[in-house]
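Asks: What follows is start_35.txt, compact mmCIF, C-alpha atoms.
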# COMPACT_ATOMS: atom_id res chain seq x y z
CA MET I 81 -22.52 11.17 78.67
CA LEU I 82 -25.25 9.36 76.72
CA ALA I 83 -28.96 10.16 76.88
CA VAL I 84 -31.40 7.40 75.86
CA LEU I 85 -35.05 8.18 75.14
CA CYS I 86 -36.90 4.94 75.81
CA GLY I 87 -39.90 5.36 78.10
CA ASP I 88 -40.65 2.34 80.28
CA ALA I 89 -39.16 -0.23 77.86
CA ARG I 90 -35.38 0.11 77.98
CA PRO I 91 -33.31 -1.14 75.04
CA PRO I 92 -31.95 -4.66 75.63
CA ASP I 93 -28.34 -5.56 76.35
CA MET I 94 -26.76 -2.13 76.80
CA ARG I 95 -24.06 -3.49 79.11
CA ALA I 96 -21.13 -2.88 76.79
CA ILE I 97 -22.22 0.71 76.24
CA GLU I 98 -22.87 1.27 79.96
CA ALA I 99 -19.26 0.20 80.59
CA GLU I 100 -18.02 3.01 78.34
CA ALA I 101 -20.38 5.88 79.19
CA VAL I 102 -22.64 7.35 81.82
CA VAL I 103 -26.09 6.46 80.46
CA ARG I 104 -29.20 8.42 81.33
CA TYR I 105 -32.39 6.53 80.48
CA THR I 106 -35.44 8.74 80.27
CA ASP I 107 -39.01 9.07 79.11
CA ALA I 108 -40.41 12.13 77.35
CA ALA I 109 -41.11 13.96 80.61
CA GLY I 110 -37.47 13.81 81.74
CA LEU I 111 -35.85 14.30 78.35
CA ALA I 112 -34.72 17.90 78.84
CA ASP I 113 -32.88 17.01 82.04
CA ALA I 114 -31.27 13.97 80.38
CA LEU I 115 -30.08 16.02 77.39
CA SER I 116 -28.39 18.65 79.53
CA GLY I 117 -24.66 17.85 79.42
CA ALA I 118 -25.11 14.82 77.14
CA ASP I 119 -22.56 14.25 74.38
CA ALA I 120 -24.62 11.65 72.48
CA PHE I 121 -28.30 10.83 72.22
CA PHE I 122 -29.93 7.48 71.35
CA VAL I 123 -33.58 7.90 70.35
CA TYR I 124 -34.66 4.34 71.02
CA ASP I 125 -38.32 5.37 71.23
CA PHE I 126 -38.34 6.38 67.59
CA LEU I 127 -42.07 7.16 67.51
CA SER I 128 -41.76 9.79 70.22
CA THR I 129 -42.42 13.42 69.27
CA ALA I 130 -40.72 14.78 72.39
CA VAL I 131 -37.31 15.68 70.95
CA PRO I 132 -38.08 19.13 69.47
CA GLY I 133 -39.62 20.34 72.73
CA ALA I 134 -36.56 19.33 74.79
CA TRP I 135 -33.92 20.41 72.27
CA HIS I 136 -33.17 23.67 74.10
CA ALA I 137 -31.42 21.60 76.78
CA ALA I 138 -28.97 19.93 74.36
CA ASP I 139 -26.08 22.18 75.31
CA ARG I 140 -23.15 19.94 74.29
CA LEU I 141 -24.65 17.30 72.03
CA ARG I 142 -22.52 16.12 69.12
CA TRP I 143 -24.32 13.03 67.81
CA LEU I 144 -27.92 11.77 67.63
CA HIS I 145 -28.82 8.22 66.56
CA ILE I 146 -32.42 7.19 65.94
CA ALA I 147 -33.50 3.53 66.10
CA SER I 148 -35.40 3.64 62.81
CA ALA I 149 -34.82 4.19 59.12
CA GLY I 150 -37.15 7.20 59.00
CA VAL I 151 -35.83 10.33 60.70
CA ASP I 152 -38.88 12.60 60.42
CA PRO I 153 -39.58 12.60 64.22
CA VAL I 154 -36.23 14.37 64.80
CA LEU I 155 -35.86 16.34 61.59
CA PHE I 156 -36.83 19.78 62.86
CA PRO I 157 -35.17 23.10 61.95
CA GLU I 158 -33.03 23.48 65.08
CA LEU I 159 -31.42 20.08 64.51
CA GLN I 160 -31.03 20.65 60.77
CA GLU I 161 -29.22 23.94 61.40
CA SER I 162 -26.98 22.53 64.14
CA ASP I 163 -23.62 20.75 63.92
CA VAL I 164 -25.06 17.61 65.52
CA VAL I 165 -24.43 14.53 63.37
CA LEU I 166 -27.58 12.48 62.69
CA THR I 167 -27.46 8.73 62.01
CA ASN I 168 -30.22 6.17 61.59
CA SER I 169 -30.76 2.41 61.70
CA ARG I 170 -30.99 1.92 57.97
CA GLY I 171 -30.67 -1.69 56.87
CA VAL I 172 -32.30 -3.38 59.87
CA PHE I 173 -35.81 -3.68 58.46
CA ASP I 174 -35.19 -4.13 54.73
CA GLY I 175 -35.72 -7.89 54.38
CA ALA I 176 -38.62 -8.09 56.83
CA ILE I 177 -40.55 -5.31 55.09
CA ALA I 178 -39.90 -6.88 51.69
CA GLU I 179 -41.33 -10.17 52.98
CA TYR I 180 -44.37 -8.30 54.31
CA VAL I 181 -44.99 -6.71 50.90
CA LEU I 182 -44.72 -10.06 49.14
CA GLY I 183 -47.10 -11.49 51.74
CA VAL I 184 -49.82 -8.91 51.18
CA VAL I 185 -49.44 -9.17 47.40
CA LEU I 186 -50.04 -12.91 47.69
CA ALA I 187 -52.89 -12.35 50.15
CA PHE I 188 -54.68 -10.18 47.59
CA ALA I 189 -53.92 -12.39 44.59
CA LYS I 190 -54.84 -15.67 46.31
CA ASP I 191 -57.79 -14.24 48.27
CA PHE I 192 -56.50 -15.62 51.55
CA VAL I 193 -58.74 -13.42 53.70
CA ARG I 194 -61.87 -14.73 52.01
CA SER I 195 -60.59 -18.31 52.31
CA TRP I 196 -60.15 -17.84 56.05
CA GLU I 197 -63.65 -16.41 56.40
CA LEU I 198 -65.14 -19.32 54.46
CA GLN I 199 -63.14 -21.79 56.53
CA ARG I 200 -64.59 -20.36 59.73
CA GLN I 201 -68.05 -20.76 58.22
CA LYS I 202 -67.21 -24.35 57.14
CA HIS I 203 -68.30 -23.31 53.67
CA TRP I 204 -66.72 -25.07 50.68
CA LYS I 205 -66.70 -22.51 47.86
CA HIS I 206 -64.41 -22.99 44.90
CA ARG I 207 -62.90 -19.84 43.38
CA GLU I 208 -60.17 -18.97 40.94
CA SER I 209 -57.23 -16.83 42.01
CA GLU I 210 -54.82 -14.46 40.31
CA ARG I 211 -51.24 -15.07 39.22
CA ILE I 212 -48.67 -12.56 40.41
CA SER I 213 -46.04 -13.57 37.85
CA GLY I 214 -45.78 -10.85 35.24
CA ARG I 215 -47.85 -8.32 37.21
CA ARG I 216 -46.35 -4.84 37.25
CA VAL I 217 -45.23 -3.19 40.47
CA LEU I 218 -44.21 0.44 40.96
CA VAL I 219 -42.08 0.92 44.09
CA VAL I 220 -42.11 4.57 45.14
CA GLY I 221 -38.90 5.02 47.11
CA THR I 222 -35.60 3.55 45.94
CA GLY I 223 -33.60 3.37 49.17
CA PRO I 224 -32.44 0.06 50.69
CA ILE I 225 -35.96 -0.97 51.76
CA GLY I 226 -37.33 -0.25 48.30
CA ARG I 227 -34.46 -2.20 46.76
CA SER I 228 -35.11 -5.19 48.98
CA ILE I 229 -38.79 -5.08 48.00
CA ALA I 230 -37.84 -4.92 44.31
CA ARG I 231 -35.49 -7.91 44.58
CA THR I 232 -38.04 -9.98 46.47
CA LEU I 233 -40.91 -9.26 44.08
CA ARG I 234 -38.70 -9.85 41.04
CA ALA I 235 -37.74 -13.23 42.47
CA ALA I 236 -41.47 -14.04 42.57
CA GLY I 237 -41.75 -13.26 38.87
CA MET I 238 -43.18 -9.77 39.07
CA SER I 239 -42.15 -6.88 36.81
CA VAL I 240 -40.78 -4.05 38.96
CA ALA I 241 -39.87 -0.41 38.35
CA GLY I 242 -38.97 2.34 40.80
CA VAL I 243 -39.66 6.01 41.39
CA GLY I 244 -36.90 8.02 43.02
CA ARG I 245 -35.22 11.39 43.15
CA ARG I 246 -33.10 10.80 40.05
CA PRO I 247 -34.12 8.77 36.96
CA ARG I 248 -31.78 6.11 35.61
CA ASP I 249 -31.72 3.09 33.33
CA GLY I 250 -30.21 -0.32 33.97
CA ASP I 251 -30.59 -0.27 37.73
CA PRO I 252 -29.60 -3.71 39.12
CA ASP I 253 -32.74 -4.01 41.26
CA PHE I 254 -35.39 -1.86 39.59
CA GLY I 255 -34.30 -1.97 35.98
CA GLU I 256 -35.89 1.43 35.30
CA VAL I 257 -36.06 4.21 37.88
CA TYR I 258 -38.32 7.14 37.03
CA SER I 259 -38.15 10.64 38.46
CA SER I 260 -40.59 11.59 41.21
CA SER I 261 -41.89 14.30 38.91
CA ASP I 262 -42.98 11.55 36.50
CA LEU I 263 -45.03 9.65 39.10
CA ALA I 264 -48.47 10.55 37.71
CA HIS I 265 -47.50 9.21 34.29
CA ARG I 266 -46.27 5.89 35.71
CA LEU I 267 -49.10 5.10 38.10
CA PRO I 268 -51.50 3.91 35.35
CA GLU I 269 -49.02 1.18 34.35
CA ALA I 270 -48.92 -0.60 37.72
CA ASP I 271 -51.03 -3.41 39.13
CA TYR I 272 -49.49 -2.77 42.56
CA VAL I 273 -48.12 0.52 43.90
CA VAL I 274 -45.85 0.26 46.94
CA ALA I 275 -45.15 3.42 48.96
CA VAL I 276 -41.85 3.33 50.84
CA ALA I 277 -40.53 6.86 50.26
CA PRO I 278 -39.03 8.83 53.17
CA LEU I 279 -41.27 11.50 54.64
CA THR I 280 -40.11 14.96 53.55
CA GLU I 281 -41.83 18.20 52.64
CA GLN I 282 -41.77 17.01 49.04
CA THR I 283 -43.34 13.60 49.70
CA LYS I 284 -45.93 14.52 52.31
CA GLY I 285 -49.39 13.90 50.87
CA MET I 286 -47.99 12.68 47.54
CA PHE I 287 -50.72 10.01 47.33
CA ASP I 288 -53.79 12.19 47.06
CA ALA I 289 -56.99 12.12 45.01
CA GLY I 290 -55.08 12.88 41.82
CA ALA I 291 -52.59 10.07 42.39
CA PHE I 292 -55.27 7.52 43.17
CA ALA I 293 -57.33 8.60 40.14
CA ALA I 294 -54.24 8.09 37.97
CA MET I 295 -53.81 4.50 39.13
CA LYS I 296 -55.13 1.65 37.01
CA PRO I 297 -58.71 0.62 37.91
CA GLY I 298 -58.48 -2.35 40.26
CA ALA I 299 -54.85 -1.69 41.24
CA ARG I 300 -53.76 -2.38 44.81
CA PHE I 301 -51.95 0.14 47.01
CA VAL I 302 -49.44 -0.86 49.71
CA ASN I 303 -48.03 1.64 52.23
CA VAL I 304 -45.02 0.57 54.30
CA GLY I 305 -43.39 4.01 54.30
CA ARG I 306 -45.05 6.72 56.35
CA GLY I 307 -48.73 7.36 56.94
CA GLU I 308 -48.32 11.02 56.06
CA LEU I 309 -47.39 10.09 52.49
CA VAL I 310 -51.12 9.52 52.00
CA VAL I 311 -54.11 11.85 52.14
CA THR I 312 -56.26 9.36 54.02
CA PRO I 313 -59.73 10.70 53.07
CA ASP I 314 -58.71 10.52 49.40
CA LEU I 315 -57.62 6.91 49.84
CA VAL I 316 -60.92 6.07 51.54
CA ASP I 317 -62.84 7.64 48.64
CA ALA I 318 -60.81 5.70 46.05
CA LEU I 319 -61.56 2.46 47.90
CA TRP I 320 -65.25 3.25 48.46
CA ASP I 321 -65.93 4.03 44.81
CA GLY I 322 -64.19 0.84 43.70
CA HIS I 323 -61.46 2.50 41.67
CA LEU I 324 -58.80 0.80 43.77
CA GLY I 325 -58.92 -2.97 44.10
CA GLY I 326 -57.55 -2.89 47.62
CA ALA I 327 -55.00 -1.48 50.03
CA ALA I 328 -52.56 -2.98 52.52
CA LEU I 329 -51.68 -0.39 55.14
CA ASP I 330 -49.03 -0.75 57.83
CA VAL I 331 -48.65 2.97 58.63
CA PHE I 332 -51.17 5.75 59.17
CA ASP I 333 -51.17 9.52 59.63
CA THR I 334 -52.77 8.93 63.05
CA GLU I 335 -51.52 5.97 65.10
CA PRO I 336 -53.16 3.98 66.56
CA LEU I 337 -55.74 4.07 63.79
CA PRO I 338 -58.89 5.57 65.38
CA PRO I 339 -61.74 3.09 65.95
CA GLU I 340 -64.09 5.24 63.88
CA SER I 341 -61.90 5.03 60.76
CA PRO I 342 -63.82 3.41 57.87
CA LEU I 343 -60.62 1.59 56.89
CA TRP I 344 -61.22 -0.92 59.70
CA THR I 345 -64.32 -2.40 58.11
CA MET I 346 -63.51 -2.26 54.40
CA GLU I 347 -63.41 -5.76 52.90
CA ASN I 348 -60.62 -4.87 50.49
CA VAL I 349 -58.26 -3.38 53.11
CA LEU I 350 -55.56 -5.19 55.10
CA ILE I 351 -54.43 -3.36 58.25
CA SER I 352 -51.40 -4.04 60.42
CA PRO I 353 -50.24 -1.88 63.37
CA HIS I 354 -46.93 -0.47 62.09
CA MET I 355 -45.21 -3.85 62.36
CA SER I 356 -44.12 -4.76 58.83
CA GLY I 357 -40.44 -4.63 59.79
CA ASP I 358 -40.69 -5.93 63.34
CA PHE I 359 -39.24 -9.43 63.18
CA ILE I 360 -38.44 -11.49 66.26
CA GLY I 361 -35.22 -10.03 67.71
CA TRP I 362 -35.45 -6.64 66.00
CA ARG I 363 -34.91 -4.70 69.22
CA ASN I 364 -31.60 -6.47 69.84
CA THR I 365 -30.55 -5.75 66.26
CA LEU I 366 -31.31 -2.05 66.72
CA VAL I 367 -29.04 -1.97 69.77
CA GLU I 368 -26.31 -3.80 67.83
CA VAL I 369 -26.42 -1.14 65.11
CA PHE I 370 -26.22 1.64 67.68
CA ALA I 371 -23.41 -0.14 69.57
CA ASP I 372 -21.34 -0.42 66.40
CA ASN I 373 -21.73 3.29 65.72
CA PHE I 374 -21.06 4.08 69.38
CA ARG I 375 -17.75 2.20 69.15
CA ARG I 376 -16.90 4.13 65.96
CA TRP I 377 -17.84 7.43 67.56
CA ARG I 378 -15.66 6.75 70.60
CA ALA I 379 -12.75 5.75 68.35
CA GLY I 380 -13.12 8.78 66.07
CA GLU I 381 -13.95 6.58 63.08
CA PRO I 382 -16.50 7.44 60.36
CA LEU I 383 -20.06 6.67 61.43
CA ARG I 384 -22.41 4.48 59.42
CA ASN I 385 -25.75 5.74 58.09
CA VAL I 386 -25.03 9.46 58.33
CA VAL I 387 -28.21 11.29 57.32
CA ASP I 388 -28.15 14.34 55.07
CA LYS I 389 -30.23 16.60 57.30
CA GLN I 390 -31.45 18.68 54.38
CA LEU I 391 -32.53 15.68 52.27
CA GLY I 392 -33.91 13.72 55.22
CA TYR I 393 -32.21 10.41 54.44
CA VAL I 394 -28.83 8.73 53.90
CA PRO I 395 -27.64 9.57 50.36
CA SER I 396 -26.77 6.61 48.16
CA GLU I 397 -23.22 8.01 47.75
CA THR I 398 -22.71 7.76 51.52
CA LEU I 399 -23.95 4.18 51.52
CA ARG I 400 -21.48 3.20 48.81
CA GLN I 401 -18.63 4.79 50.73
CA GLY I 402 -19.71 2.98 53.92
Is it possible to express this structure as structure tokens?
Replies:
Amino acid sequence: MLAVLCGDARPPDMRAIEAEAVVRYTDAAGLADALSGADAFFVYDFLSTAVPGAWHAADRLRWLHIASAGVDPVLFPELQESDVVLTNSRGVFDGAIAEYVLGVVLAFAKDFVRSWELQRQKHWKHRESERISGRRVLVVGTGPIGRSIARTLRAAGMSVAGVGRRPRDGDPDFGEVYSSSDLAHRLPEADYVVAVAPLTEQTKGMFDAGAFAAMKPGARFVNVGRGELVVTPDLVDALWDGHLGGAALDVFDTEPLPPESPLWTMENVLISPHMSGDFIGWRNTLVEVFADNFRRWRAGEPLRNVVDKQLGYVPSETLRQG
């Protein structure tokens, strides 16, 4: 028995799975009924917050798979303390998000937004633009997405370092990885700071007034991780007073971003609606990842992307073994 949380938009091409299991598709309102008696659970609607409230009905669940890299919507105490195996869709969005980050870096450096505005005004105004080669980037979060970002930016000539749970030298993608506890000392060195850390109790609100004050004057901030990594009013203040040179934001602590947010109208802010990883065909790819793990689960084989429920992400040791 498989429960699938999907709302009105069902995941595409589930025929092979439907041939192997009784599948209950449900929205948030019917989730408790769908979980009762279910052996496995596919959280296709990975932005839903309905799982904790329906968890009491999961009377025989053994495995939960979420269709995202971040697992914070389902990482609540009852799940953490249970024997239910948690897997995610790590690896699907890495390249797309890395391309997004390179794109916004180039948009800032080459002043593309201003060029578009001038084009619409039919105004010929020559300006000089920045080089990105040699600029320093600090990627906060050294999982697969962070690694893909590091590789992509290095290929464009940028100097990249990482911030992660454990420091190390000679990393193949980052070169130098600094400890999270050393973040404040590394922020002043970066021209661009990219937030892609998983959301945990330790990382929530890590980019606050102190972090933004520590950044180099004129530095740009990019968030493709989780909106809750950032204390939004502190970011707004750092942009208003001119300390930050700009921000590219794909995720927010409240989504959709409220119309009254000052971020909408700031000239040095680029906003996208949580879409940095959503390439054409991504939904099919998410189902393919789940289908592969479903086949493994049915065959009793080791699952891919098993999340450490205490850490809140897939440990690098597990990835190497997989």
Asks: Show me the residues close to (-46.4, -2.3, 60.2) - anything with an atom within 10 Å, counting only C-alpha atoms - and format the list as a compact mmCIF listing (two decimals) with C-alpha atoms, in the frame of the given file.
Replies:
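The new file out-v5.txt reads:
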# COMPACT_ATOMS: atom_id res chain seq x y z
CA ILE I 177 -40.55 -5.31 55.09
CA TYR I 180 -44.37 -8.30 54.31
CA ASN I 303 -48.03 1.64 52.23
CA VAL I 304 -45.02 0.57 54.30
CA GLY I 305 -43.39 4.01 54.30
CA ARG I 306 -45.05 6.72 56.35
CA ALA I 328 -52.56 -2.98 52.52
CA LEU I 329 -51.68 -0.39 55.14
CA ASP I 330 -49.03 -0.75 57.83
CA VAL I 331 -48.65 2.97 58.63
CA PHE I 332 -51.17 5.75 59.17
CA ILE I 351 -54.43 -3.36 58.25
CA SER I 352 -51.40 -4.04 60.42
CA PRO I 353 -50.24 -1.88 63.37
CA HIS I 354 -46.93 -0.47 62.09
CA MET I 355 -45.21 -3.85 62.36
CA SER I 356 -44.12 -4.76 58.83
CA GLY I 357 -40.44 -4.63 59.79
CA ASP I 358 -40.69 -5.93 63.34
Asks: Can you list every residue of stretch 188-273 of chain I that has an atom at most 12 Å from stretch 169-176 of chain I, with its nearest atom pair and the distance in Å to one decimal, using all atoms listed in the file, ordered by chain then number, as CSV?
Replies:
residue,atom,partner,partner_atom,distance
I:Thr222,CA,I:Asp174,CA,11.7
I:Gly223,CA,I:Arg170,CA,9.3
I:Pro224,CA,I:Asp174,CA,6.4
I:Ile225,CA,I:Asp174,CA,4.4
I:Gly226,CA,I:Asp174,CA,7.8
I:Arg227,CA,I:Asp174,CA,8.2
I:Ser228,CA,I:Asp174,CA,5.8
I:Ile229,CA,I:Gly175,CA,7.6
I:Ala230,CA,I:Gly175,CA,10.7
I:Arg231,CA,I:Gly175,CA,9.8
I:Thr232,CA,I:Gly175,CA,8.5
I:Leu233,CA,I:Gly175,CA,11.6
Asks: Kindly export the residues of the current selection with C-alpha atoms, as a tab-separated table (two decimals), keeping the file's coordinate frame.
Replies:
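Result file is again_23.tsv:
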chain	number	residue	atom	x	y	z
I	222	THR	CA	-35.60	3.55	45.94
I	223	GLY	CA	-33.60	3.37	49.17
I	224	PRO	CA	-32.44	0.06	50.69
I	225	ILE	CA	-35.96	-0.97	51.76
I	226	GLY	CA	-37.33	-0.25	48.30
I	227	ARG	CA	-34.46	-2.20	46.76
I	228	SER	CA	-35.11	-5.19	48.98
I	229	ILE	CA	-38.79	-5.08	48.00
I	230	ALA	CA	-37.84	-4.92	44.31
I	231	ARG	CA	-35.49	-7.91	44.58
I	232	THR	CA	-38.04	-9.98	46.47
I	233	LEU	CA	-40.91	-9.26	44.08
Asks: Applying 6 Å and only C-alpha atoms, which residues near I:Phe254 remain after dropping the ones on its own chain fewer than 6 positions away? List them as JSON, numbers by chain.
Replies: {"I": [240, 241, 242]}
Asks: Given all atoms listed in the file as the basis, pick out the residue of I:Ala109, I:Val184, I:Val123, I:Ala83 nearest to I:Leu166.
Replies: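 Closest candidate: I:Val123.
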Asks: Would you mind reading off the distance between atom CA of I:Arg300 and atom CA of I:Pro252, one decimal, in Å?
Replies: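 Computed distance, atom CA of I:Arg300 to atom CA of I:Pro252, equals 24.9 Å.
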Asks: Between atom CA of I:Gly214 and atom CA of I:Leu186, what is the distance in Å, rounded to a tenth?
Replies: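 A separation of 13.3 Å between them.
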Asks: Between atom CA of I:Leu366 and atom CA of I:Met94, what is the spacing in Å?
Replies: 11.1 Å
Asks: With 5 Å of padding per side, what axis-aligned box (centre and edge lengths, Å, one decimal) covers all the listed atoms of stretch 208-226 of chain I? Give it as lines of an AutoDock Vina configuration file.
Replies:
center_x = -46.3
center_y = -7.0
center_z = 43.5
size_x = 37.7
size_y = 34.0
size_z = 26.5
Asks: List as JSON, numbers by chain the protein and nucleic acid residues near stretch 368-371 of chain I, meaning an atom at most 8 Å away when only C-alpha atoms are counted, but skip any in the same chain fewer than 2 places from it.
Replies: {"I": [97, 122, 145, 147, 169, 364, 365, 366, 373, 374, 375]}
Asks: Take the selection from the previous step and output its residues with C-alpha atoms, as a CSV table (one decimal), in the frame of the given file.
Replies:
chain,number,residue,atom,x,y,z
I,97,ILE,CA,-22.2,0.7,76.2
I,122,PHE,CA,-29.9,7.5,71.4
I,145,HIS,CA,-28.8,8.2,66.6
I,147,ALA,CA,-33.5,3.5,66.1
I,169,SER,CA,-30.8,2.4,61.7
I,364,ASN,CA,-31.6,-6.5,69.8
I,365,THR,CA,-30.6,-5.8,66.3
I,366,LEU,CA,-31.3,-2.0,66.7
I,373,ASN,CA,-21.7,3.3,65.7
I,374,PHE,CA,-21.1,4.1,69.4
I,375,ARG,CA,-17.8,2.2,69.2
Asks: Have a look at I:Val103, I:Val387, I:Ala294, I:Ala289 and name the one nearest to I:Pro268; count all atoms listed in the file.
Replies: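 Looking only at the distances to I:Pro268, the closest residue turns out to be I:Ala294.
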Asks: Identify the residues within 7 Å of coordinate (-51.7, 5.9, 36.3) (same frame as the file), considering only C-alpha atoms, and give the answer as a PyMOL selection string.
Replies: chain I and resi 264-269+294-296
Asks: Name all residues at most 10 Å from I:Trp320 (count only C-alpha atoms; drop same-chain ones fewer than 6 positions away) and give them as a VMD selection string.
Replies: chain I and resid 314 326 342 to 343 346 348
Asks: With all atoms listed in the file as the counted atoms, please give the residues lying no more than 9 Å from I:Val367, apart from itself and same-chain residues fewer than 4 positions off, as JSON, numbers by chain.
Replies: {"I": [91, 92, 93, 94, 124, 147, 362, 363, 371, 372]}
Asks: What would stretch 228-235 of chain I look like with all heavy atoms in place, written as a compact mmCIF listing (two decimals), keeping the file's coordinate frame?
Replies:
# COMPACT_ATOMS: atom_id res chain seq x y z
N SER I 228 -34.83 -3.85 48.49
CA SER I 228 -35.11 -5.19 48.98
C SER I 228 -36.48 -5.66 48.50
O SER I 228 -36.67 -6.82 48.12
CB SER I 228 -35.02 -5.22 50.50
OG SER I 228 -35.16 -6.52 51.00
N ILE I 229 -37.46 -4.75 48.52
CA ILE I 229 -38.79 -5.08 48.00
C ILE I 229 -38.70 -5.45 46.52
O ILE I 229 -39.29 -6.45 46.08
CB ILE I 229 -39.75 -3.88 48.21
CG1 ILE I 229 -40.03 -3.68 49.69
CG2 ILE I 229 -41.06 -4.09 47.43
CD1 ILE I 229 -40.74 -2.39 50.01
N ALA I 230 -37.96 -4.65 45.76
CA ALA I 230 -37.84 -4.92 44.31
C ALA I 230 -37.22 -6.28 44.05
O ALA I 230 -37.70 -7.05 43.22
CB ALA I 230 -37.01 -3.81 43.65
N ARG I 231 -36.15 -6.60 44.78
CA ARG I 231 -35.49 -7.91 44.58
C ARG I 231 -36.42 -9.05 44.93
O ARG I 231 -36.48 -10.07 44.22
CB ARG I 231 -34.21 -7.98 45.43
CG ARG I 231 -33.07 -7.11 44.94
CD ARG I 231 -31.77 -7.47 45.63
NE ARG I 231 -31.82 -7.18 47.05
CZ ARG I 231 -31.44 -6.01 47.59
NH1 ARG I 231 -31.00 -5.03 46.80
NH2 ARG I 231 -31.49 -5.83 48.89
N THR I 232 -37.14 -8.91 46.03
CA THR I 232 -38.04 -9.98 46.47
C THR I 232 -39.18 -10.20 45.49
O THR I 232 -39.52 -11.35 45.15
CB THR I 232 -38.59 -9.65 47.87
OG1 THR I 232 -37.49 -9.51 48.79
CG2 THR I 232 -39.52 -10.74 48.37
N LEU I 233 -39.79 -9.13 45.01
CA LEU I 233 -40.91 -9.26 44.08
C LEU I 233 -40.43 -9.75 42.71
O LEU I 233 -41.14 -10.52 42.04
CB LEU I 233 -41.64 -7.93 43.95
CG LEU I 233 -42.29 -7.39 45.23
CD1 LEU I 233 -43.10 -6.14 44.94
CD2 LEU I 233 -43.16 -8.44 45.91
N ARG I 234 -39.25 -9.33 42.30
CA ARG I 234 -38.70 -9.85 41.04
C ARG I 234 -38.46 -11.35 41.13
O ARG I 234 -38.71 -12.10 40.17
CB ARG I 234 -37.38 -9.14 40.71
CG ARG I 234 -37.54 -7.78 40.06
CD ARG I 234 -36.17 -7.23 39.66
NE ARG I 234 -36.32 -5.92 39.05
CZ ARG I 234 -36.60 -5.70 37.77
NH1 ARG I 234 -36.78 -6.74 36.96
NH2 ARG I 234 -36.70 -4.48 37.29
N ALA I 235 -37.98 -11.79 42.29
CA ALA I 235 -37.74 -13.23 42.47
C ALA I 235 -39.02 -14.03 42.38
O ALA I 235 -39.01 -15.22 42.01
CB ALA I 235 -37.06 -13.48 43.82
